[in-house]
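Text of structure_29.tsv, listed as TSV, C-alpha atoms and all ligand atoms:
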```tsv
chain	number	residue	atom	x	y	z
A	1	MET	CA	5.11	30.26	-0.56
A	2	ALA	CA	2.09	28.76	-2.26
A	3	GLU	CA	3.79	26.81	-5.05
A	4	LYS	CA	4.61	23.12	-4.59
A	5	ALA	CA	8.16	22.17	-3.66
A	6	GLU	CA	10.31	20.77	-6.46
A	7	ASN	CA	12.18	17.50	-5.90
A	8	VAL	CA	15.77	17.41	-7.09
A	9	LYS	CA	18.34	14.66	-6.87
A	10	CYS	CA	21.36	16.91	-6.89
A	11	LEU	CA	21.28	20.64	-6.23
A	12	ILE	CA	24.40	22.63	-7.07
A	13	ILE	CA	24.71	26.05	-5.48
A	14	GLY	CA	27.14	28.38	-7.26
A	15	SER	CA	28.43	28.66	-10.80
A	16	GLY	CA	32.21	29.07	-10.70
A	17	PRO	CA	34.68	26.43	-11.92
A	18	ALA	CA	33.81	24.18	-8.94
A	19	GLY	CA	30.05	24.35	-9.60
A	20	TYR	CA	30.31	23.76	-13.35
A	21	THR	CA	32.78	20.91	-13.02
A	22	ALA	CA	30.52	19.30	-10.42
A	23	ALA	CA	27.64	19.81	-12.88
A	24	ILE	CA	29.51	18.15	-15.76
A	25	TYR	CA	30.31	15.08	-13.67
A	26	ALA	CA	26.91	14.93	-11.94
A	27	SER	CA	24.95	15.20	-15.19
A	28	ARG	CA	27.10	12.54	-16.86
A	29	ALA	CA	26.35	10.31	-13.86
A	30	ASP	CA	22.62	10.92	-14.45
A	31	LEU	CA	22.08	12.81	-11.20
A	32	LYS	CA	20.05	15.37	-13.19
A	33	PRO	CA	21.62	18.33	-11.43
A	34	VAL	CA	19.91	21.66	-11.04
A	35	MET	CA	22.30	24.58	-10.59
A	36	TYR	CA	21.53	27.99	-9.18
A	37	THR	CA	24.08	30.51	-10.38
A	38	GLY	CA	23.97	33.05	-7.55
A	39	LEU	CA	24.33	36.79	-8.00
A	40	GLU	CA	27.53	36.58	-10.02
A	41	PRO	CA	26.95	33.88	-12.67
A	42	GLY	CA	30.31	32.37	-13.57
A	43	GLY	CA	31.87	33.44	-10.27
A	44	GLN	CA	35.11	35.31	-9.68
A	45	LEU	CA	36.59	34.47	-13.10
A	46	THR	CA	34.05	36.65	-14.83
A	47	THR	CA	35.73	39.65	-13.24
A	48	THR	CA	39.16	38.72	-14.62
A	49	THR	CA	40.24	39.37	-18.16
A	50	GLU	CA	42.76	36.88	-19.47
A	51	VAL	CA	43.11	33.45	-17.83
A	52	ASP	CA	46.50	32.04	-18.77
A	53	ASN	CA	46.88	29.26	-16.24
A	54	PHE	CA	43.85	27.04	-16.91
A	55	PRO	CA	45.22	23.91	-18.61
A	56	GLY	CA	44.01	23.32	-22.14
A	57	TYR	CA	44.15	26.90	-23.40
A	58	PRO	CA	47.64	27.42	-24.83
A	59	GLU	CA	46.81	30.96	-25.94
A	60	GLY	CA	44.94	31.82	-22.73
A	61	ILE	CA	41.22	32.56	-22.58
A	62	ASP	CA	38.99	35.37	-21.33
A	63	GLY	CA	37.52	34.59	-17.89
A	64	PRO	CA	33.89	35.09	-19.07
A	65	ALA	CA	34.52	32.98	-22.21
A	66	LEU	CA	35.92	30.15	-20.09
A	67	MET	CA	32.86	30.23	-17.89
A	68	MET	CA	30.53	30.20	-20.92
A	69	ASP	CA	32.39	27.13	-22.22
A	70	LEU	CA	32.01	25.39	-18.86
A	71	GLN	CA	28.31	26.24	-18.80
A	72	LYS	CA	27.78	24.85	-22.32
A	73	GLN	CA	29.64	21.69	-21.39
A	74	ALA	CA	27.47	21.21	-18.28
A	75	GLU	CA	24.27	21.90	-20.24
A	76	ARG	CA	25.29	19.47	-22.99
A	77	PHE	CA	24.85	16.64	-20.49
A	78	GLY	CA	21.56	17.95	-19.15
A	79	THR	CA	22.40	20.25	-16.24
A	80	GLN	CA	19.65	22.79	-15.68
A	81	VAL	CA	21.40	26.09	-15.12
A	82	ARG	CA	19.08	28.62	-13.50
A	83	MET	CA	19.59	32.22	-12.49
A	84	GLY	CA	18.74	32.61	-8.84
A	85	MET	CA	20.06	32.87	-5.36
A	86	VAL	CA	19.59	30.24	-2.69
A	87	THR	CA	18.52	32.38	0.23
A	88	LYS	CA	17.89	29.76	2.91
A	89	VAL	CA	18.62	26.11	3.59
A	90	GLU	CA	17.35	23.60	6.11
A	91	LEU	CA	19.72	20.66	6.05
A	92	SER	CA	18.65	17.24	7.29
A	93	LYS	CA	21.10	15.50	9.61
A	94	GLU	CA	19.75	12.06	8.60
A	95	HIS	CA	21.54	9.76	6.19
A	96	GLY	CA	19.20	9.76	3.18
A	97	GLY	CA	17.32	12.78	4.52
A	98	VAL	CA	15.88	15.49	2.29
A	99	HIS	CA	17.45	18.95	2.39
A	100	LYS	CA	15.30	22.01	1.85
A	101	ALA	CA	16.54	25.03	-0.07
A	102	ILE	CA	14.64	28.22	-0.77
A	103	VAL	CA	15.50	30.11	-3.93
A	104	ASP	CA	15.00	33.88	-4.10
A	105	ASP	CA	12.90	33.68	-0.93
A	106	LYS	CA	10.08	31.88	-2.78
A	107	HIS	CA	10.82	28.69	-4.68
A	108	GLU	CA	11.23	25.62	-2.44
A	109	ILE	CA	13.47	22.76	-3.48
A	110	HIS	CA	13.77	19.37	-1.80
A	111	ALA	CA	17.20	17.98	-2.60
A	112	GLU	CA	18.55	14.49	-1.99
A	113	SER	CA	22.08	15.86	-2.22
A	114	ILE	CA	23.62	19.33	-2.32
A	115	ILE	CA	26.94	20.45	-3.74
A	116	ILE	CA	28.00	23.79	-2.32
A	117	ALA	CA	30.22	25.81	-4.64
A	118	THR	CA	29.43	29.33	-3.50
A	119	GLY	CA	33.06	30.47	-3.51
A	120	ALA	CA	34.68	33.30	-1.66
A	121	THR	CA	34.78	37.00	-2.31
A	122	ALA	CA	38.04	38.93	-2.28
A	123	LYS	CA	38.06	41.88	0.07
A	124	TYR	CA	38.99	45.28	-1.32
A	125	LEU	CA	40.05	48.47	0.43
A	126	GLY	CA	36.89	50.25	-0.69
A	127	LEU	CA	38.58	53.33	-2.20
A	128	PRO	CA	36.67	54.78	-5.20
A	129	SER	CA	39.94	55.00	-7.20
A	130	GLU	CA	40.66	51.32	-6.45
A	131	GLN	CA	37.22	50.22	-7.63
A	132	ARG	CA	37.46	52.33	-10.79
A	133	LEU	CA	40.77	50.73	-11.77
A	134	ARG	CA	39.80	47.10	-11.12
A	135	GLY	CA	40.79	45.33	-14.31
A	136	GLY	CA	43.00	48.32	-15.19
A	137	GLY	CA	45.89	47.35	-12.97
A	138	VAL	CA	44.14	46.64	-9.66
A	139	SER	CA	43.81	42.92	-9.01
A	140	ALA	CA	43.07	40.64	-6.06
A	141	CYS	CA	44.96	37.68	-7.51
A	142	ALA	CA	48.71	37.82	-8.07
A	143	VAL	CA	48.88	34.28	-9.41
A	144	CYS	CA	46.22	35.13	-12.03
A	145	ASP	CA	47.47	38.55	-13.11
A	146	GLY	CA	51.09	38.90	-11.98
A	147	PHE	CA	52.46	37.80	-15.33
A	148	PHE	CA	51.04	40.91	-17.03
A	149	TYR	CA	53.44	43.01	-14.94
A	150	LYS	CA	56.60	41.18	-15.90
A	151	GLY	CA	59.61	43.47	-15.48
A	152	GLN	CA	57.49	46.28	-14.00
A	153	ASP	CA	57.14	47.84	-10.55
A	154	VAL	CA	54.10	46.80	-8.54
A	155	ALA	CA	52.71	47.15	-5.01
A	156	ILE	CA	50.79	44.73	-2.84
A	157	VAL	CA	48.62	45.53	0.19
A	158	GLY	CA	48.33	43.21	3.19
A	159	GLY	CA	50.45	41.58	5.84
A	160	GLY	CA	48.97	38.07	6.07
A	161	ASP	CA	50.16	34.79	4.56
A	162	THR	CA	48.44	35.50	1.25
A	163	ALA	CA	50.11	38.89	0.87
A	164	ALA	CA	53.49	37.47	1.87
A	165	GLU	CA	53.16	34.52	-0.52
A	166	GLU	CA	51.92	36.69	-3.39
A	167	ALA	CA	54.60	39.34	-2.75
A	168	THR	CA	57.37	36.77	-3.13
A	169	TYR	CA	55.62	35.30	-6.18
A	170	LEU	CA	55.48	38.77	-7.75
A	171	ALA	CA	59.11	39.47	-6.86
A	172	ASN	CA	60.09	36.59	-9.17
A	173	ILE	CA	58.31	38.24	-12.09
A	174	CYS	CA	58.47	41.98	-11.47
A	175	SER	CA	61.44	44.31	-11.11
A	176	LYS	CA	60.32	45.67	-7.79
A	177	VAL	CA	57.56	44.90	-5.32
A	178	THR	CA	56.51	47.28	-2.55
A	179	MET	CA	54.49	45.60	0.18
A	180	LEU	CA	52.26	47.86	2.24
A	181	VAL	CA	51.49	46.73	5.77
A	182	ARG	CA	49.19	48.91	7.83
A	183	LYS	CA	50.61	47.90	11.22
A	184	GLY	CA	54.18	47.77	12.50
A	185	GLU	CA	54.29	44.02	11.94
A	186	MET	CA	52.99	41.36	9.59
A	187	ARG	CA	50.37	38.83	10.52
A	188	ALA	CA	51.98	36.22	8.25
A	189	SER	CA	53.78	33.20	9.73
A	190	LYS	CA	57.41	33.66	10.76
A	191	ALA	CA	58.54	31.45	7.88
A	192	MET	CA	56.69	33.59	5.35
A	193	GLN	CA	58.03	36.79	6.92
A	194	HIS	CA	61.52	35.39	6.61
A	195	ARG	CA	60.91	34.70	2.92
A	196	VAL	CA	59.67	38.25	2.41
A	197	ASN	CA	62.59	39.79	4.27
A	198	SER	CA	65.16	37.81	2.37
A	199	THR	CA	63.78	38.71	-1.06
A	200	LYS	CA	66.03	41.40	-2.53
A	201	ASN	CA	63.63	43.27	-4.81
A	202	LEU	CA	60.84	43.30	-2.22
A	203	GLU	CA	60.51	46.31	0.06
A	204	VAL	CA	58.15	46.27	3.03
A	205	ARG	CA	56.67	49.54	4.22
A	206	TYR	CA	55.08	49.33	7.65
A	207	TYR	CA	52.39	51.66	9.00
A	208	THR	CA	51.58	52.43	5.39
A	209	GLU	CA	48.16	52.73	3.79
A	210	ILE	CA	46.87	53.84	0.42
A	211	GLU	CA	45.08	57.14	0.10
A	212	GLU	CA	44.47	57.00	-3.63
A	213	VAL	CA	45.25	54.85	-6.63
A	214	LEU	CA	46.49	57.14	-9.39
A	215	GLY	CA	45.76	56.80	-13.09
A	216	ASP	CA	42.94	57.44	-15.49
A	217	GLN	CA	42.41	54.20	-17.46
A	218	VAL	CA	45.28	52.21	-15.95
A	219	VAL	CA	47.24	52.33	-12.71
A	220	GLU	CA	50.15	54.76	-12.82
A	221	GLY	CA	50.97	54.97	-9.15
A	222	ILE	CA	49.66	55.05	-5.60
A	223	ARG	CA	49.58	57.85	-3.08
A	224	VAL	CA	50.35	56.35	0.29
A	225	PHE	CA	50.50	57.78	3.81
A	226	ASN	CA	52.26	56.74	6.94
A	227	ASN	CA	49.53	56.29	9.55
A	228	GLU	CA	51.94	57.16	12.39
A	229	THR	CA	53.51	60.34	11.00
A	230	GLY	CA	50.91	61.36	8.41
A	231	GLU	CA	53.67	61.70	5.81
A	232	LYS	CA	52.51	61.22	2.22
A	233	GLU	CA	54.35	59.90	-0.80
A	234	VAL	CA	53.60	58.85	-4.40
A	235	ILE	CA	55.01	55.48	-5.45
A	236	PRO	CA	54.99	54.90	-9.22
A	237	VAL	CA	53.64	51.40	-9.98
A	238	THR	CA	51.73	49.87	-12.89
A	239	GLY	CA	50.05	47.12	-10.87
A	240	LEU	CA	48.39	47.07	-7.47
A	241	PHE	CA	47.53	43.77	-5.81
A	242	ILE	CA	45.10	43.66	-2.94
A	243	ALA	CA	45.69	40.72	-0.58
A	244	ILE	CA	43.77	41.61	2.54
A	245	GLY	CA	41.76	38.41	2.80
A	246	HIS	CA	38.71	36.72	1.36
A	247	LYS	CA	35.25	36.17	2.73
A	248	PRO	CA	33.78	32.73	2.08
A	249	ASN	CA	30.16	32.89	0.96
A	250	THR	CA	28.76	30.70	3.71
A	251	GLU	CA	26.21	32.93	5.47
A	252	ILE	CA	23.22	30.69	4.69
A	253	PHE	CA	24.95	27.61	6.10
A	254	LYS	CA	25.98	29.14	9.44
A	255	GLY	CA	24.92	27.00	12.39
A	256	GLN	CA	24.22	24.01	10.13
A	257	LEU	CA	27.64	23.09	8.76
A	258	THR	CA	30.96	22.86	10.55
A	259	MET	CA	33.19	25.79	9.58
A	260	ASP	CA	36.54	27.08	10.72
A	261	GLU	CA	36.85	30.31	12.68
A	262	THR	CA	36.88	32.37	9.49
A	263	GLY	CA	33.75	30.79	8.02
A	264	TYR	CA	35.28	28.31	5.53
A	265	ILE	CA	33.35	25.02	5.38
A	266	GLN	CA	35.31	22.10	6.78
A	267	THR	CA	35.41	18.91	4.78
A	268	ASP	CA	36.28	15.42	5.89
A	269	GLY	CA	39.87	14.35	5.11
A	270	LYS	CA	40.58	14.33	1.40
A	271	SER	CA	36.87	14.19	0.50
A	272	THR	CA	34.34	16.98	-0.04
A	273	LYS	CA	31.99	15.60	2.63
A	274	THR	CA	30.72	18.12	5.14
A	275	ASN	CA	29.45	17.11	8.58
A	276	VAL	CA	25.95	16.71	7.10
A	277	PRO	CA	25.27	13.53	5.08
A	278	GLY	CA	24.53	14.29	1.45
A	279	VAL	CA	25.99	17.80	1.54
A	280	PHE	CA	29.36	18.35	-0.15
A	281	ALA	CA	31.53	21.43	-0.43
A	282	SER	CA	33.89	22.26	-3.27
A	283	GLY	CA	36.00	25.17	-4.49
A	284	ASP	CA	37.03	28.28	-2.61
A	285	VAL	CA	34.24	27.95	-0.06
A	286	GLN	CA	36.31	25.16	1.54
A	287	ASP	CA	39.82	26.15	0.41
A	288	LYS	CA	41.58	29.22	1.67
A	289	VAL	CA	45.04	28.09	0.64
A	290	TYR	CA	45.13	27.30	-3.10
A	291	ARG	CA	42.09	29.23	-4.45
A	292	GLN	CA	42.78	28.56	-8.13
A	293	ALA	CA	40.22	27.88	-10.87
A	294	ILE	CA	41.82	24.53	-11.57
A	295	THR	CA	41.89	23.42	-7.93
A	296	ALA	CA	38.27	24.53	-7.57
A	297	ALA	CA	37.40	22.52	-10.68
A	298	GLY	CA	39.20	19.50	-9.21
A	299	THR	CA	37.21	19.62	-5.99
A	300	GLY	CA	34.01	20.16	-8.01
A	301	CYS	CA	34.70	16.86	-9.73
A	302	MET	CA	35.33	15.23	-6.35
A	303	ALA	CA	32.06	16.60	-4.96
A	304	ALA	CA	30.06	15.10	-7.83
A	305	LEU	CA	31.75	11.72	-7.36
A	306	ASP	CA	31.14	11.91	-3.60
A	307	ALA	CA	27.48	12.82	-4.20
A	308	GLU	CA	27.06	9.97	-6.69
A	309	ARG	CA	28.49	7.45	-4.22
A	310	TYR	CA	26.37	8.82	-1.41
A	311	LEU	CA	23.15	8.61	-3.45
A	312	ALA	CA	24.01	5.07	-4.58
A	313	ALA	CA	24.58	4.05	-0.95
A	314	VAL	CA	21.23	5.59	0.09
A	315	GLU	CA	19.43	3.80	-2.75
A	316	SER	CA	20.99	0.41	-2.05
A	317	LYS	CA	20.08	0.74	1.64
A	318	GLU	CA	16.49	1.55	0.66
A	319	GLU	CA	16.43	-1.53	-1.58
A	320	VAL	CA	17.74	-3.74	1.24
A	321	GLU	CA	15.08	-2.37	3.61
A	322	ALA	CA	12.22	-2.67	1.07
B	1	LIG	P1	44.49	37.39	6.75
B	1	LIG	O1	43.16	37.76	7.29
B	1	LIG	O2	45.34	36.44	7.50
B	1	LIG	O3	45.39	38.73	6.60
B	1	LIG	C1	44.84	39.86	6.04
B	1	LIG	C2	45.92	40.94	6.05
B	1	LIG	O4	45.39	42.08	5.38
B	1	LIG	C3	46.34	41.39	7.42
B	1	LIG	O5	47.70	41.71	7.42
B	1	LIG	C4	45.50	42.64	7.64
B	1	LIG	O6	46.10	43.59	8.46
B	1	LIG	C5	45.46	43.20	6.24
B	1	LIG	N1	44.30	44.05	6.02
B	1	LIG	C6	42.98	43.75	6.23
B	1	LIG	N2	42.21	44.80	5.87
B	1	LIG	C7	43.06	45.77	5.47
B	1	LIG	C8	42.86	47.07	4.98
B	1	LIG	N3	41.65	47.61	4.85
B	1	LIG	N4	43.96	47.81	4.64
B	1	LIG	C9	45.19	47.29	4.76
B	1	LIG	N5	45.45	46.05	5.20
B	1	LIG	C10	44.38	45.31	5.55
B	1	LIG	O7	44.20	36.94	5.24
B	1	LIG	P2	45.06	36.00	4.28
B	1	LIG	O8	44.32	35.96	3.00
B	1	LIG	O9	46.45	36.43	4.24
B	1	LIG	O10	44.99	34.57	4.94
B	1	LIG	C11	43.74	33.95	5.25
B	1	LIG	C12	44.02	32.61	5.93
B	1	LIG	O11	44.59	31.70	4.99
B	1	LIG	C13	45.02	32.71	7.08
B	1	LIG	O12	44.62	31.81	8.08
B	1	LIG	C14	46.31	32.27	6.45
B	1	LIG	O13	47.23	31.74	7.40
B	1	LIG	C15	45.83	31.21	5.46
B	1	LIG	N6	46.76	31.06	4.33
B	1	LIG	C16	47.67	30.07	4.36
B	1	LIG	C17	48.59	29.90	3.33
B	1	LIG	C18	49.55	28.81	3.42
B	1	LIG	O14	49.53	28.06	4.39
B	1	LIG	N7	50.42	28.65	2.44
B	1	LIG	C19	48.61	30.79	2.17
B	1	LIG	C20	47.59	31.81	2.22
B	1	LIG	C21	46.73	31.93	3.27
B	1	LIG	P3	46.05	43.51	10.07
B	1	LIG	O15	47.04	42.45	10.46
B	1	LIG	O16	46.45	44.88	10.44
B	1	LIG	O17	44.62	43.19	10.45
```

Output the structure of this file as structure tokens.
Ligand code: NDP
Amino acid sequence: MAEKAENVKCLIIGSGPAGYTAAIYASRADLKPVMYTGLEPGGQLTTTTEVDNFPGYPEGIDGPALMMDLQKQAERFGTQVRMGMVTKVELSKEHGGVHKAIVDDKHEIHAESIIIATGATAKYLGLPSEQRLRGGGVSACAVCDGFFYKGQDVAIVGGGDTAAEEATYLANICSKVTMLVRKGEMRASKAMQHRVNSTKNLEVRYYTEIEEVLGDQVVEGIRVFNNETGEKEVIPVTGLFIAIGHKPNTEIFKGQLTMDETGYIQTDGKSTKTNVPGVFASGDVQDKVYRQAITAAGTGCMAALDAERYLAAVESKEEVEA
């Protein structure tokens, strides 16, 4: 690592709606943010097609087009958007301390503040047929894509709170929802289970797993099997929703930031402050409940405002001490 470290006032890690909104606010506040996009520039929305629920787009917008617009808006105010992956961080516990970040294992950055917006990654079953039909009827977000299956039959996999919530959401839109739970019981809260069980057009199949997603270009059905009896069956559906959990992208912060038992970064009260001064977390990396582009954008804005206030407080303290 021969090259000299670069000093940055505000480093933004991640380029989804949270990262770009933080960048828009931080650059307008003259924090001269530098953003590293990560491996999936634009984040999870770049893998969706139509986004119909982001306010301001009455006709809907393509996920990648929305992210390009957000990038342009951030760059218009001076954000430096760079391709690259932050591979290591060394966070200072001191108020006003400098945080080190290493990009792509070589470039060293010294940041006065960091906004983490690294998001979360939806888990998939890992079946080749499922991967092939992603975007062709297989989705990991019922709230984003459920509308496209209005009046149709769909299936959802998972037995946790997300699956239960999304199954009842889908039941409002679709004619029939089949929920596939691999065990003999759901992991979801009793209240959510009650909601599921009292929804008429929602059928729960226990001990049931998917063997193959059927269809060439689009989903036409699923072949399922009962993992107790081995019995197989084809269920005709046009949409398949996977709701088996998300993994927050927090590996590089482990041991340095307070996280919950599933690895989501914990923030202080209604703010985006982490347990380390000058480090803020926004978007799905700190939210396992709402997980929407617009809520991520909202917390991105909050993170930039929190960072601005923090840097102003550090500067005024330095002035008092000087
Ligand atoms: P969870 O990890 O709670 O549940 C995942 C579910 O998917 C489990 O039923 C699990 O089955 C199943 N699953 C995992 N892998 C597979 C697989 N390969 N094949 C089939 N099924 C599989 O994830 P959630 O996203 O539901 O929830 C995450 C957290 O967020 C939880 O703490 C939840 O309470 C919280 N949450 C809260 C909400 C709220 O308060 N409104 C809304 C949404 C989430 P198994 O049980 O067999 O392991």

Tell me, as a PyMOL selection string, which residues lie within 6 Å of Glu130 (chain A), counting all atoms listed in the file; anything in the same chain fewer than 3 positions away does not count. chain A and resi 127+133+213

May I ask which of the residues A:Ala304, A:Gly60, A:His107, A:Met83 is the closest one to Asn7 (chain A), counting all atoms listed in the file? A:His107

With all atoms listed in the file counted, collect every polymer residue having an atom within 7 Å of ligand LIG 1 (chain B); state the result as a PDB file with C-alpha atoms, keeping the file's coordinate frame.
```pdb
ATOM      1  CA  LEU A 125      40.050  48.470   0.430  1.00  0.00           C
ATOM      2  CA  VAL A 157      48.620  45.530   0.190  1.00  0.00           C
ATOM      3  CA  GLY A 158      48.330  43.210   3.190  1.00  0.00           C
ATOM      4  CA  GLY A 159      50.450  41.580   5.840  1.00  0.00           C
ATOM      5  CA  GLY A 160      48.970  38.070   6.070  1.00  0.00           C
ATOM      6  CA  ASP A 161      50.160  34.790   4.560  1.00  0.00           C
ATOM      7  CA  THR A 162      48.440  35.500   1.250  1.00  0.00           C
ATOM      8  CA  ALA A 163      50.110  38.890   0.870  1.00  0.00           C
ATOM      9  CA  GLU A 165      53.160  34.520  -0.520  1.00  0.00           C
ATOM     10  CA  VAL A 181      51.490  46.730   5.770  1.00  0.00           C
ATOM     11  CA  ARG A 182      49.190  48.910   7.830  1.00  0.00           C
ATOM     12  CA  LYS A 183      50.610  47.900  11.220  1.00  0.00           C
ATOM     13  CA  MET A 186      52.990  41.360   9.590  1.00  0.00           C
ATOM     14  CA  ARG A 187      50.370  38.830  10.520  1.00  0.00           C
ATOM     15  CA  ALA A 188      51.980  36.220   8.250  1.00  0.00           C
ATOM     16  CA  GLU A 209      48.160  52.730   3.790  1.00  0.00           C
ATOM     17  CA  ALA A 243      45.690  40.720  -0.580  1.00  0.00           C
ATOM     18  CA  ILE A 244      43.770  41.610   2.540  1.00  0.00           C
ATOM     19  CA  GLY A 245      41.760  38.410   2.800  1.00  0.00           C
ATOM     20  CA  HIS A 246      38.710  36.720   1.360  1.00  0.00           C
ATOM     21  CA  LYS A 288      41.580  29.220   1.670  1.00  0.00           C
ATOM     22  CA  VAL A 289      45.040  28.090   0.640  1.00  0.00           C
TER      23      VAL A 289
END
```

Interatomic distance between CA of Ile13 (chain A) and CA of Ile116 (chain A)? 5.1 Å

Quick one: residues within 10 Å of Asp153 (chain A), all atoms listed in the file, excluding same-chain residues fewer than 5 positions away - as JSON, numbers by chain? {"A": [170, 171, 173, 174, 175, 176, 177, 178, 201, 221, 235, 236, 237, 238, 239, 240]}

Check which residues of region 2-84 of chain A sit at most 8 Å from region 271-286 of chain A using all atoms listed in the file, and return one row each with the closest pair of atoms and their distance in Å to one decimal, ordered by chain and rising number, as JSON lines.
```
{"residue": "A:Pro17", "atom": "CA", "partner": "A:Gly283", "partner_atom": "CA", "distance": 7.7}
{"residue": "A:Ala18", "atom": "CA", "partner": "A:Gly283", "partner_atom": "CA", "distance": 5.1}
{"residue": "A:Gly19", "atom": "CA", "partner": "A:Ser282", "partner_atom": "CA", "distance": 7.7}
```

Compile the contact shell of His194 (chain A) as a list in words: residues with an atom at most 12 Å away, counting all atoms listed in the file, same-chain residues fewer than 3 positions apart removed. Asp161, Ala164, Glu165, Thr168, Met186, Ala188, Ser189, Lys190, Ala191, Asn197, Ser198, Thr199, Lys200, Leu202 and Val204 of chain A

At a cut-off of 8 Å, using all atoms listed in the file, what residues contact Met67 (chain A)? Leave out same-chain residues fewer than 6 positions from it and give the result as a list of chain:residue names.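 The neighbour list is A:Gly16, A:Pro17, A:Gly42, A:Leu45, A:Thr46.
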
Give me the residues near Tyr207 (chain A) as a list of chain:residue names, where near means some atom within 9 Å (using only C-alpha atoms) and where sequence neighbours in that chain fewer than 3 positions away do not count. A:Leu180, A:Val181, A:Arg182, A:Lys183, A:Gly184, A:Glu185, A:Phe225, A:Asn226, A:Asn227, A:Glu228, A:Thr229

Taking only C-alpha atoms into account, which of A:Cys141, A:Ala23, A:Ala307, A:Met179 comes nearest Val81 (chain A)?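 Ranked by minimum distance to Val81 (chain A), first place goes to A:Ala23.
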
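Note that the spacing between CA of Gly215 (chain A) and CA of Arg132 (chain A) amounts to 9.7 Å.
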